[in-house]
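Note: the block below is my_file_11.cif and it holds mmCIF, C-alpha atoms.
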data_my_file
#
loop_
_atom_site.label_atom_id
_atom_site.label_comp_id
_atom_site.auth_asym_id
_atom_site.auth_seq_id
_atom_site.Cartn_x
_atom_site.Cartn_y
_atom_site.Cartn_z
CA MET A 3 -4.66 19.60 -19.14
CA ARG A 4 -1.27 20.06 -20.80
CA VAL A 5 -0.78 17.79 -23.81
CA VAL A 6 2.86 17.18 -24.65
CA VAL A 7 4.11 15.42 -27.77
CA PRO A 8 7.80 14.43 -27.59
CA PHE A 9 9.56 14.26 -30.96
CA ASP A 10 12.93 12.94 -32.06
CA ALA A 11 13.88 15.54 -34.66
CA THR A 12 17.44 14.23 -34.99
CA ASP A 13 17.31 10.59 -36.12
CA PRO A 14 13.65 9.63 -36.09
CA LYS A 15 12.28 6.18 -36.88
CA SER A 16 15.64 4.45 -37.24
CA ARG A 17 13.97 1.03 -37.37
CA LEU A 18 12.37 2.05 -40.67
CA ALA A 19 15.86 2.26 -42.24
CA PRO A 20 15.33 -1.00 -44.21
CA VAL A 21 12.60 0.72 -46.25
CA LEU A 22 13.18 4.50 -45.94
CA ASP A 23 16.38 6.52 -46.20
CA GLY A 24 17.30 9.24 -43.68
CA ASP A 25 15.53 12.12 -45.45
CA GLU A 26 12.45 9.99 -46.01
CA ARG A 27 12.32 8.94 -42.38
CA ARG A 28 12.47 12.58 -41.30
CA ALA A 29 9.70 13.55 -43.74
CA PHE A 30 7.50 10.63 -42.73
CA ALA A 31 8.07 11.26 -39.00
CA ASP A 32 7.19 14.92 -39.58
CA ALA A 33 3.94 13.90 -41.33
CA MET A 34 3.01 11.63 -38.41
CA LEU A 35 3.80 14.38 -35.89
CA ARG A 36 1.52 16.81 -37.75
CA ASP A 37 -1.26 14.22 -37.85
CA VAL A 38 -0.97 13.70 -34.09
CA LEU A 39 -1.00 17.47 -33.44
CA ASP A 40 -4.10 17.82 -35.62
CA ALA A 41 -5.85 15.03 -33.73
CA VAL A 42 -4.98 16.57 -30.35
CA ARG A 43 -6.38 19.92 -31.49
CA ALA A 44 -9.51 18.27 -32.90
CA ALA A 45 -9.95 16.61 -29.50
CA GLY A 46 -10.14 20.10 -27.99
CA HIS A 47 -6.64 20.53 -26.59
CA THR A 48 -3.60 22.65 -27.43
CA PRO A 49 -0.57 20.44 -28.03
CA GLU A 50 3.01 21.38 -27.13
CA VAL A 51 6.00 19.72 -28.75
CA VAL A 52 9.21 18.82 -26.91
CA ALA A 53 11.78 18.03 -29.58
CA THR A 54 15.48 17.16 -29.67
CA ALA A 55 15.99 19.94 -32.22
CA SER A 56 14.01 22.80 -33.68
CA VAL A 57 11.03 21.72 -35.79
CA ASN A 58 8.67 23.87 -37.78
CA VAL A 59 5.11 22.97 -36.79
CA ASP A 60 1.97 24.85 -35.83
CA ALA A 61 2.51 24.38 -32.07
CA PRO A 62 4.89 25.71 -29.43
CA VAL A 63 8.17 23.77 -29.52
CA THR A 64 10.61 23.36 -26.64
CA VAL A 65 14.02 21.99 -27.58
CA ASP A 66 15.41 19.43 -25.13
CA GLU A 67 18.29 17.36 -26.43
CA ARG A 68 18.08 14.72 -23.72
CA PRO A 69 16.67 11.23 -24.27
CA LEU A 70 12.93 10.65 -23.94
CA THR A 71 12.85 9.60 -20.28
CA PRO A 72 14.54 12.65 -18.66
CA CYS A 73 12.77 14.87 -21.16
CA VAL A 74 9.29 13.66 -20.13
CA ASN A 75 10.21 13.57 -16.44
CA ALA A 76 11.24 17.25 -16.65
CA VAL A 77 7.71 17.98 -17.92
CA LEU A 78 6.23 15.98 -15.02
CA ASP A 79 8.54 17.69 -12.49
CA ALA A 80 7.30 21.09 -13.63
CA ALA A 81 3.62 20.15 -13.91
CA ARG A 82 1.07 22.06 -11.86
CA GLU A 83 -1.91 20.44 -13.61
CA PRO A 84 -2.71 17.08 -15.26
CA VAL A 85 -0.34 16.19 -18.09
CA ALA A 86 -0.95 14.01 -21.11
CA VAL A 87 2.01 12.71 -23.09
CA VAL A 88 1.27 11.37 -26.55
CA MET A 89 3.92 9.84 -28.77
CA ALA A 90 4.48 11.50 -32.15
CA ASP A 91 4.28 8.26 -34.15
CA LEU A 92 0.65 7.37 -33.45
CA ALA A 93 -0.38 7.73 -37.08
CA LEU A 94 -3.73 6.02 -36.44
CA ALA A 95 -4.75 8.43 -33.65
CA THR A 96 -8.00 10.26 -34.23
CA SER A 97 -9.70 13.05 -32.31
CA GLY A 98 -12.22 10.50 -31.02
CA THR A 99 -9.66 8.05 -29.68
CA LEU A 100 -7.62 10.84 -28.06
CA ALA A 101 -10.77 12.36 -26.55
CA ARG A 102 -11.50 8.94 -25.05
CA LEU A 103 -7.99 8.87 -23.54
CA PHE A 104 -8.21 12.42 -22.15
CA ALA A 105 -11.66 11.73 -20.67
CA THR A 106 -10.66 8.48 -18.94
CA ASP A 107 -10.61 8.86 -15.17
CA GLY A 108 -7.64 7.74 -13.12
CA ASP A 109 -4.55 9.09 -11.38
CA VAL A 110 -2.52 7.51 -14.15
CA VAL A 111 -4.11 6.45 -17.44
CA LEU A 112 -1.88 4.28 -19.63
CA VAL A 113 -2.03 3.26 -23.27
CA PRO A 114 0.24 0.31 -24.00
CA GLY A 115 2.08 0.13 -27.29
CA ARG A 116 2.56 -3.07 -29.20
CA GLY A 117 5.69 -4.71 -27.78
CA GLY A 118 5.27 -3.47 -24.24
CA GLY A 119 5.91 0.24 -24.71
CA THR A 120 3.81 3.16 -23.49
CA ASN A 121 2.26 5.07 -26.37
CA ALA A 122 0.43 7.68 -24.32
CA PHE A 123 -0.53 8.46 -20.75
CA VAL A 124 -2.36 10.97 -18.62
CA ALA A 125 -0.87 11.75 -15.20
CA ARG A 126 -3.02 13.37 -12.54
CA HIS A 127 -0.78 12.33 -9.63
CA ASP A 128 2.40 14.21 -8.79
CA GLY A 129 4.37 11.12 -7.78
CA PHE A 130 4.37 9.46 -11.20
CA ARG A 131 7.57 9.46 -13.27
CA VAL A 132 8.45 7.56 -16.45
CA ASP A 133 11.14 5.19 -17.63
CA TYR A 134 10.75 4.29 -21.28
CA HIS A 135 13.45 1.64 -21.27
CA GLY A 136 12.34 -1.98 -21.88
CA THR A 137 8.77 -3.07 -21.16
CA SER A 138 7.76 0.39 -20.06
CA PHE A 139 4.06 -0.41 -19.92
CA LEU A 140 4.59 -2.95 -17.12
CA ASP A 141 7.15 -0.67 -15.43
CA HIS A 142 4.79 2.31 -15.57
CA ARG A 143 1.95 0.28 -14.09
CA GLU A 144 4.26 -0.69 -11.24
CA ALA A 145 5.67 2.84 -10.83
CA ALA A 146 2.14 4.24 -10.55
CA ALA A 147 1.22 1.63 -7.94
CA ASP A 148 4.42 2.37 -6.01
CA ALA A 149 3.49 6.06 -6.01
CA GLY A 150 0.06 5.21 -4.61
CA ALA A 151 -1.66 6.21 -7.84
CA ASP A 152 -4.53 4.19 -9.27
CA VAL A 153 -4.05 3.05 -12.84
CA THR A 154 -6.50 2.79 -15.71
CA VAL A 155 -5.60 1.24 -19.05
CA VAL A 156 -7.22 2.46 -22.26
CA ASP A 157 -8.00 -0.31 -24.76
CA SER A 158 -7.57 1.28 -28.20
CA TYR A 159 -6.09 -0.33 -31.27
CA ARG A 160 -5.50 3.08 -32.84
CA LEU A 161 -3.54 4.39 -29.88
CA SER A 162 -1.67 1.15 -29.24
CA THR A 163 -0.33 1.09 -32.80
CA ASP A 164 2.90 3.08 -32.92
CA VAL A 165 4.77 3.10 -36.20
CA ASP A 166 8.26 1.76 -35.57
CA ASP A 167 8.90 -1.11 -37.96
CA PRO A 168 8.28 -1.73 -41.66
CA ASP A 169 5.45 -4.11 -40.65
CA ASP A 170 3.62 -1.18 -39.07
CA LEU A 171 3.35 0.74 -42.34
CA ALA A 172 0.51 -1.52 -43.52
CA GLU A 173 -1.56 -0.35 -40.54
CA VAL A 174 -1.15 3.26 -41.67
CA LEU A 175 -2.35 2.42 -45.19
CA LEU A 176 -5.23 0.34 -43.79
CA HIS A 177 -6.56 2.70 -41.13
CA ALA A 178 -5.27 6.26 -41.56
CA ASP A 179 -6.08 8.97 -44.08
CA GLY A 180 -3.95 11.91 -42.94
CA ARG A 181 -0.57 13.27 -43.99
CA ALA A 182 1.35 10.11 -43.02
CA ALA A 183 -0.86 7.85 -45.13
CA ARG A 184 -0.68 10.28 -48.05
CA TRP A 185 3.11 10.50 -47.67
CA LEU A 186 3.41 6.71 -47.88
CA ARG A 187 1.15 6.54 -50.93
CA ASP A 188 3.07 9.37 -52.64
CA ALA A 189 6.29 7.50 -51.89
CA GLY A 190 4.89 4.48 -53.74
CA PHE A 191 3.80 2.26 -50.85
CA ARG A 192 0.79 0.04 -51.48
CA LEU A 193 -0.87 -2.82 -49.62
CA SER A 194 0.06 -6.23 -50.95
CA THR A 195 -0.86 -9.73 -49.90
CA THR A 196 1.58 -12.61 -49.99
CA GLY A 197 1.05 -15.94 -48.28
CA GLY A 198 -2.00 -14.69 -46.41
CA ARG A 199 -0.09 -11.76 -44.89
CA VAL A 200 -0.68 -8.11 -45.72
CA ALA A 201 2.28 -5.75 -46.03
CA ALA A 202 3.07 -2.29 -47.29
CA THR A 203 5.40 -2.74 -50.24
CA ARG A 204 6.99 -0.11 -52.44
CA GLU A 205 6.27 -0.10 -56.13
CA MET B 15 -27.46 -13.11 -30.24
CA ARG B 16 -25.64 -16.23 -31.40
CA VAL B 17 -21.91 -16.13 -30.69
CA VAL B 18 -19.90 -18.43 -32.93
CA VAL B 19 -16.20 -19.20 -32.49
CA PRO B 20 -14.62 -20.90 -35.53
CA PHE B 21 -11.67 -23.15 -34.73
CA ASP B 22 -9.08 -24.88 -36.87
CA ALA B 23 -8.70 -28.16 -35.01
CA THR B 24 -6.61 -29.76 -37.74
CA ASP B 25 -3.47 -27.67 -38.27
CA PRO B 26 -3.89 -24.60 -36.05
CA LYS B 27 -1.45 -21.69 -35.86
CA SER B 28 0.89 -22.90 -38.59
CA ARG B 29 2.76 -19.56 -38.55
CA LEU B 30 3.95 -20.38 -35.04
CA ALA B 31 5.88 -23.37 -36.43
CA PRO B 32 9.25 -21.57 -36.00
CA VAL B 33 8.77 -21.63 -32.21
CA LEU B 34 6.23 -24.41 -31.46
CA ASP B 35 5.99 -27.95 -32.82
CA GLY B 36 2.71 -29.44 -34.03
CA ASP B 37 1.55 -30.84 -30.68
CA GLU B 38 2.48 -27.60 -28.94
CA ARG B 39 0.59 -25.52 -31.48
CA ARG B 40 -2.52 -27.65 -30.94
CA ALA B 41 -2.24 -27.34 -27.16
CA PHE B 42 -1.65 -23.58 -27.30
CA ALA B 43 -4.51 -23.04 -29.78
CA ASP B 44 -6.76 -25.10 -27.50
CA ALA B 45 -5.79 -22.91 -24.51
CA MET B 46 -6.60 -19.75 -26.49
CA LEU B 47 -9.95 -21.21 -27.61
CA ARG B 48 -10.89 -21.98 -24.00
CA ASP B 49 -9.90 -18.46 -22.91
CA VAL B 50 -12.10 -16.97 -25.65
CA LEU B 51 -15.05 -19.22 -24.69
CA ASP B 52 -14.64 -18.18 -21.02
CA ALA B 53 -14.60 -14.50 -21.98
CA VAL B 54 -17.75 -14.90 -24.14
CA ARG B 55 -19.55 -16.61 -21.26
CA ALA B 56 -18.36 -13.96 -18.78
CA ALA B 57 -19.77 -11.36 -21.18
CA GLY B 58 -23.17 -13.00 -20.75
CA HIS B 59 -23.44 -15.09 -23.91
CA THR B 60 -23.38 -18.79 -24.75
CA PRO B 61 -20.65 -19.54 -27.27
CA GLU B 62 -20.88 -22.19 -29.99
CA VAL B 63 -17.80 -23.64 -31.67
CA VAL B 64 -17.59 -24.50 -35.37
CA ALA B 65 -14.48 -26.62 -35.79
CA THR B 66 -12.79 -28.51 -38.61
CA ALA B 67 -12.70 -31.61 -36.40
CA SER B 68 -14.11 -32.71 -33.09
CA VAL B 69 -12.78 -30.78 -30.10
CA ASN B 70 -13.47 -31.37 -26.43
CA VAL B 71 -14.59 -28.07 -24.90
CA ASP B 72 -17.38 -26.91 -22.62
CA ALA B 73 -19.55 -25.61 -25.50
CA PRO B 74 -21.59 -27.12 -28.33
CA VAL B 75 -19.32 -28.04 -31.25
CA THR B 76 -20.38 -28.33 -34.88
CA VAL B 77 -17.85 -30.00 -37.16
CA ASP B 78 -17.48 -28.34 -40.57
CA GLU B 79 -14.39 -29.32 -42.51
CA ARG B 80 -14.62 -26.48 -45.00
CA PRO B 81 -12.33 -23.43 -44.92
CA LEU B 82 -13.23 -20.47 -42.73
CA THR B 83 -15.12 -18.41 -45.33
CA PRO B 84 -17.78 -20.98 -46.42
CA CYS B 85 -18.00 -22.17 -42.84
CA VAL B 86 -18.90 -18.71 -41.48
CA ASN B 87 -21.16 -17.93 -44.44
CA ALA B 88 -23.13 -21.12 -43.70
CA VAL B 89 -23.74 -19.74 -40.21
CA LEU B 90 -24.85 -16.40 -41.68
CA ASP B 91 -27.10 -18.16 -44.24
CA ALA B 92 -28.90 -20.00 -41.46
CA ALA B 93 -29.13 -17.06 -39.06
CA ARG B 94 -32.53 -15.90 -37.86
CA GLU B 95 -31.09 -13.49 -35.29
CA PRO B 96 -27.96 -11.34 -34.90
CA VAL B 97 -24.73 -13.32 -35.12
CA ALA B 98 -21.35 -12.55 -33.61
CA VAL B 99 -18.28 -14.35 -34.91
CA VAL B 100 -15.20 -14.21 -32.72
CA MET B 101 -11.89 -15.74 -33.74
CA ALA B 102 -10.46 -18.40 -31.44
CA ASP B 103 -6.99 -16.83 -31.21
CA LEU B 104 -7.93 -13.62 -29.44
CA ALA B 105 -5.92 -14.47 -26.34
CA LEU B 106 -6.19 -10.90 -25.01
CA ALA B 107 -10.01 -10.83 -25.16
CA THR B 108 -11.74 -10.11 -21.87
CA SER B 109 -15.40 -10.15 -20.89
CA GLY B 110 -15.34 -6.35 -20.84
CA THR B 111 -13.94 -5.93 -24.34
CA LEU B 112 -16.31 -8.54 -25.77
CA ALA B 113 -19.27 -6.94 -23.96
CA ARG B 114 -18.27 -3.64 -25.61
CA LEU B 115 -18.29 -5.38 -29.02
CA PHE B 116 -21.64 -7.09 -28.47
CA ALA B 117 -23.20 -3.82 -27.23
CA THR B 118 -21.98 -1.72 -30.15
CA ASP B 119 -24.85 -0.66 -32.40
CA GLY B 120 -24.69 -1.13 -36.15
CA ASP B 121 -25.93 -3.43 -38.89
CA VAL B 122 -22.39 -4.72 -39.16
CA VAL B 123 -19.84 -4.15 -36.40
CA LEU B 124 -16.27 -4.96 -37.36
CA VAL B 125 -13.09 -5.47 -35.36
CA PRO B 126 -9.99 -5.29 -37.54
CA GLY B 127 -7.05 -7.55 -36.85
CA ARG B 128 -3.47 -6.40 -37.16
CA GLY B 129 -2.51 -6.89 -40.80
CA GLY B 130 -5.92 -6.16 -42.25
CA GLY B 131 -7.84 -9.21 -41.07
CA THR B 132 -11.20 -9.34 -39.34
CA ASN B 133 -10.90 -10.62 -35.78
CA ALA B 134 -14.56 -10.40 -34.84
CA PHE B 135 -17.83 -9.04 -36.12
CA VAL B 136 -21.48 -8.73 -35.26
CA ALA B 137 -23.97 -9.00 -38.14
CA ARG B 138 -27.50 -7.70 -37.70
CA HIS B 139 -28.21 -7.46 -41.45
CA ASP B 140 -29.15 -10.49 -43.52
CA GLY B 141 -27.26 -9.39 -46.62
CA PHE B 142 -23.78 -9.51 -45.09
CA ARG B 143 -21.43 -12.36 -46.03
CA VAL B 144 -17.71 -12.80 -45.38
CA ASP B 145 -14.56 -13.42 -47.37
CA TYR B 146 -11.54 -13.87 -45.15
CA HIS B 147 -9.02 -13.89 -47.97
CA GLY B 148 -6.53 -10.98 -48.11
CA THR B 149 -7.34 -7.63 -46.47
CA SER B 150 -10.66 -8.88 -45.22
CA PHE B 151 -11.28 -5.85 -42.99
CA LEU B 152 -11.41 -3.53 -46.02
CA ASP B 153 -13.37 -6.12 -48.03
CA HIS B 154 -15.91 -6.60 -45.24
CA ARG B 155 -16.41 -2.84 -44.92
CA GLU B 156 -17.10 -2.71 -48.64
CA ALA B 157 -19.30 -5.83 -48.60
CA ALA B 158 -21.41 -4.33 -45.83
CA ALA B 159 -21.79 -1.06 -47.73
CA ASP B 160 -22.71 -2.98 -50.90
CA ALA B 161 -25.41 -4.81 -48.93
CA GLY B 162 -26.80 -1.48 -47.70
CA ALA B 163 -25.68 -2.17 -44.14
CA ASP B 164 -24.17 0.55 -41.98
CA VAL B 165 -20.78 -0.29 -40.50
CA THR B 166 -19.31 0.48 -37.10
CA VAL B 167 -15.70 -0.28 -36.22
CA VAL B 168 -14.73 -1.18 -32.65
CA ASP B 169 -11.39 0.28 -31.55
CA SER B 170 -9.91 -2.28 -29.14
CA TYR B 171 -6.28 -3.30 -28.85
CA ARG B 172 -7.26 -6.50 -27.07
CA LEU B 173 -9.65 -7.60 -29.79
CA SER B 174 -7.42 -6.45 -32.66
CA THR B 175 -4.52 -8.57 -31.40
CA ASP B 176 -4.83 -12.04 -32.87
CA VAL B 177 -2.04 -14.46 -32.13
CA ASP B 178 -0.59 -15.64 -35.44
CA ASP B 179 3.14 -15.01 -35.43
CA PRO B 180 5.96 -15.53 -32.93
CA ASP B 181 6.00 -11.72 -32.43
CA ASP B 182 2.46 -11.89 -31.09
CA LEU B 183 3.41 -14.16 -28.17
CA ALA B 184 4.92 -11.22 -26.27
CA GLU B 185 1.47 -9.56 -26.26
CA VAL B 186 0.01 -12.64 -24.55
CA LEU B 187 2.67 -12.55 -21.83
CA LEU B 188 2.24 -8.77 -21.43
CA HIS B 189 -1.53 -8.51 -21.31
CA ALA B 190 -3.21 -11.87 -20.66
CA ASP B 191 -3.46 -14.04 -17.58
CA GLY B 192 -5.58 -16.98 -18.71
CA ARG B 193 -4.79 -20.46 -19.95
CA ALA B 194 -2.85 -19.31 -23.01
CA ALA B 195 -0.50 -17.10 -20.96
CA ARG B 196 -0.01 -19.89 -18.42
CA TRP B 197 0.64 -22.38 -21.21
CA LEU B 198 3.37 -20.14 -22.65
CA ARG B 199 4.98 -19.65 -19.23
CA ASP B 200 4.85 -23.38 -18.51
CA ALA B 201 6.46 -23.99 -21.90
CA GLY B 202 9.35 -21.74 -20.85
CA PHE B 203 8.48 -18.51 -22.67
CA ARG B 204 9.54 -15.28 -20.97
CA LEU B 205 9.63 -11.63 -22.00
CA SER B 206 13.07 -10.46 -23.04
CA THR B 207 14.36 -7.14 -24.31
CA THR B 208 17.01 -6.87 -27.00
CA GLY B 209 17.84 -3.70 -28.90
CA GLY B 210 14.85 -1.86 -27.47
CA ARG B 211 12.43 -4.54 -28.68
CA VAL B 212 10.46 -6.84 -26.45
CA ALA B 213 9.95 -10.47 -27.47
CA ALA B 214 8.78 -13.74 -25.98
CA THR B 215 11.80 -16.03 -25.96
CA ARG B 216 12.05 -19.60 -24.77
CA GLU B 217 14.41 -20.48 -21.97
#
Exercise: express the given structure as structure tokens:
Amino acid sequence: MRVVVPFDATDPKSRLAPVLDGDERRAFADAMLRDVLDAVRAAGHTPEVVATASVNVDAPVTVDERPLTPCVNAVLDAAREPVAVVMADLALATSGTLARLFATDGDVVLVPGRGGGTNAFVARHDGFRVDYHGTSFLDHREAAADAGADVTVVDSYRLSTDVDDPDDLAEVLLHADGRAARWLRDAGFRLSTTGGRVAATRE
Amino acid sequence: MRVVVPFDATDPKSRLAPVLDGDERRAFADAMLRDVLDAVRAAGHTPEVVATASVNVDAPVTVDERPLTPCVNAVLDAAREPVAVVMADLALATSGTLARLFATDGDVVLVPGRGGGTNAFVARHDGFRVDYHGTSFLDHREAAADAGADVTVVDSYRLSTDVDDPDDLAEVLLHADGRAARWLRDAGFRLSTTGGRVAATRE
């Protein structure tokens, strides 16, 4: 199985702009990418990165400047074997949760992201293509059905938690212990509780 | 195994006040409670409700006006067998995900909630007590360790998604099809996409 990790190396994690400046967002996104690559390797696979610009990581990198959808569909067009696509911002991913994804049977195996996105999938059917716009999880379920592919959904909090918004940073501090969590701690982020809600706030 | 579902029948889901008035919050919370009770039954167990006031559901109800923590600890104090405690706002819970929780081995089995809470647990160790204040997931892990109990964490997006904030309503529309999802649709809520983010907005 090919395992592909798409990465926005140009302007990553723009929705974190309220709490991280441009250089910080790039460094934090890079830490999350490395965590995901580590977890894929620990799950017994060799990850490949498809990035919008060159990035220095311990994995083969293909540069493709196009948006995510055509970029991933080009991978699917060229596929001669099952393909897994795992987003680079799954900072809570572990080898165990990814192994569970890779081992799940189905023509198309989907992992929803919070907010209706698609955080990861495995495609074992050559008619499946992606469209990440909008509620892509629902669209991908429909696209798979339209292609005559059966769909399985993996129920994993770790894989469904992508790190997009400032609110998501608390999940990294709560549940992760890799580079991304260390980066946040080194940058001064700590868990704090106000009004019964937990957040990652900067000291 | 006893399966206890605590329920705030007095002022439920106060953080939904920006989008639902008091009567609506009570009706929506009631729909979620019934969905959870159905899922527990479909998982092969007989749920009991512990509520702050009388509530008319198809399950035995004990009224305990105290806050959640003493209320659940009273259940644990009295327990002579394993106890599962499942929050009443897990609108995405299914019989399958609950069966996975109930079947998970461990003295203490925890399900984190988004934001560091504890959405469900199974206690098979008589030294474990709860404290739902703050980051209760981390506190419960520590409390279990202090009691000499081994801890297992269940990785389930459905069980980790409690419905507290307006943002959470989109998850109900995306992933649930029970009373709570129908209630939201009947009340005019629909999925909408703005700026790449999916939300439940009212027509």
May I have the residues within 6 Å of region 171-186 of chain A as a ChimeraX atom specification, using all atoms listed in the file and disregarding those fewer than 5 positions away in the same chain? /A:33-34,94,191,201-202
I would like the residues chosen by the PyMOL selection byres ((chain A and resi 110-127) around 8) on the shown file; could you give them as a ChimeraX atom specification? /A:83-89,92,103-104,106-109,128-130,134,136-140,143,146,151-158,161-164 /B:184-185,188,211-213
At what distance in Å, to one decimal, does CA of Ala107 (chain B) lie from CA of Ala161 (chain B)?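 If I compute the distance from CA of Ala161 (chain B) to CA of Ala107 (chain B), I get 29.0 Å.
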At what distance in Å, to one decimal, does CA of Val18 (chain B) lie from CA of Asp103 (chain B)? 13.1 Å
Quick one: distance from CA of Arg204 (chain B) to CA of Arg216 (chain B) in Å, one decimal? 6.3 Å
Determine the nearest neighbour of Phe30 (chain A) from the options A:Asp79, A:Arg102, A:Asp188, A:Leu193, counting all atoms listed in the file.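 The shortest atom-to-atom distance to Phe30 (chain A) comes from A:Asp188.
This file, filtered with the PyMOL selection byres ((chain A and resi 12) around 7), gives the residues Asp10, Ala11, Asp13, Pro14, Thr54 and Ala55 of chain A.
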Store the residues of this selection in a file with C-alpha atoms, as a short mmCIF file (atom, residue, chain, number, x, y, z; two decimals), in the frame of the given file.
data_model
loop_
_atom_site.label_atom_id
_atom_site.label_comp_id
_atom_site.auth_asym_id
_atom_site.auth_seq_id
_atom_site.Cartn_x
_atom_site.Cartn_y
_atom_site.Cartn_z
CA ASP A 10 12.93 12.94 -32.06
CA ALA A 11 13.88 15.54 -34.66
CA ASP A 13 17.31 10.59 -36.12
CA PRO A 14 13.65 9.63 -36.09
CA THR A 54 15.48 17.16 -29.67
CA ALA A 55 15.99 19.94 -32.22
#
First collect every listed atom of region 51-61 of chain A; then fit an axis-aligned box around them, widen it by 8 Å on each side, and give centre and edge lengths in Å to one decimal, as lines of an AutoDock Vina configuration file.
center_x = 9.0
center_y = 21.0
center_z = -32.3
size_x = 30.0
size_y = 23.7
size_z = 26.9
Ranking A:Thr48, A:Ser16, A:Thr64, A:Ser56 by minimum distance to chain B and counting all atoms listed in the file, which one comes first?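 That would be A:Ser16, the residue with the smallest distance to chain B.
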A:Glu205, A:Asp66, A:Asp60, A:Asp25: which is nearest Phe9 (chain A), counting only C-alpha atoms? A:Asp66
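Residues matched by the PyMOL selection byres ((chain B and resi 144) around 9) in this structure: B:Thr83, B:Pro84, B:Val86, B:Asn87, B:Leu90, B:Phe142, B:Arg143, B:Asp145, B:Tyr146, B:Ser150, B:Asp153, B:His154, B:Ala157.
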Please write the residues from the selection above to a file, keeping C-alpha atoms, as an mmCIF file, in the frame of the given file.
data_model
loop_
_atom_site.group_PDB
_atom_site.id
_atom_site.type_symbol
_atom_site.label_atom_id
_atom_site.label_comp_id
_atom_site.auth_asym_id
_atom_site.auth_seq_id
_atom_site.Cartn_x
_atom_site.Cartn_y
_atom_site.Cartn_z
ATOM 1 C CA THR B 83 -15.120 -18.410 -45.330
ATOM 2 C CA PRO B 84 -17.780 -20.980 -46.420
ATOM 3 C CA VAL B 86 -18.900 -18.710 -41.480
ATOM 4 C CA ASN B 87 -21.160 -17.930 -44.440
ATOM 5 C CA LEU B 90 -24.850 -16.400 -41.680
ATOM 6 C CA PHE B 142 -23.780 -9.510 -45.090
ATOM 7 C CA ARG B 143 -21.430 -12.360 -46.030
ATOM 8 C CA ASP B 145 -14.560 -13.420 -47.370
ATOM 9 C CA TYR B 146 -11.540 -13.870 -45.150
ATOM 10 C CA SER B 150 -10.660 -8.880 -45.220
ATOM 11 C CA ASP B 153 -13.370 -6.120 -48.030
ATOM 12 C CA HIS B 154 -15.910 -6.600 -45.240
ATOM 13 C CA ALA B 157 -19.300 -5.830 -48.600
#
As a ChimeraX atom specification, please: the residues near Gly46 (chain A) (cut-off 12 Å, all atoms listed in the file, same-chain neighbours under 6 positions excluded). /A:3-5,39-40,96-98,100-102,104-105
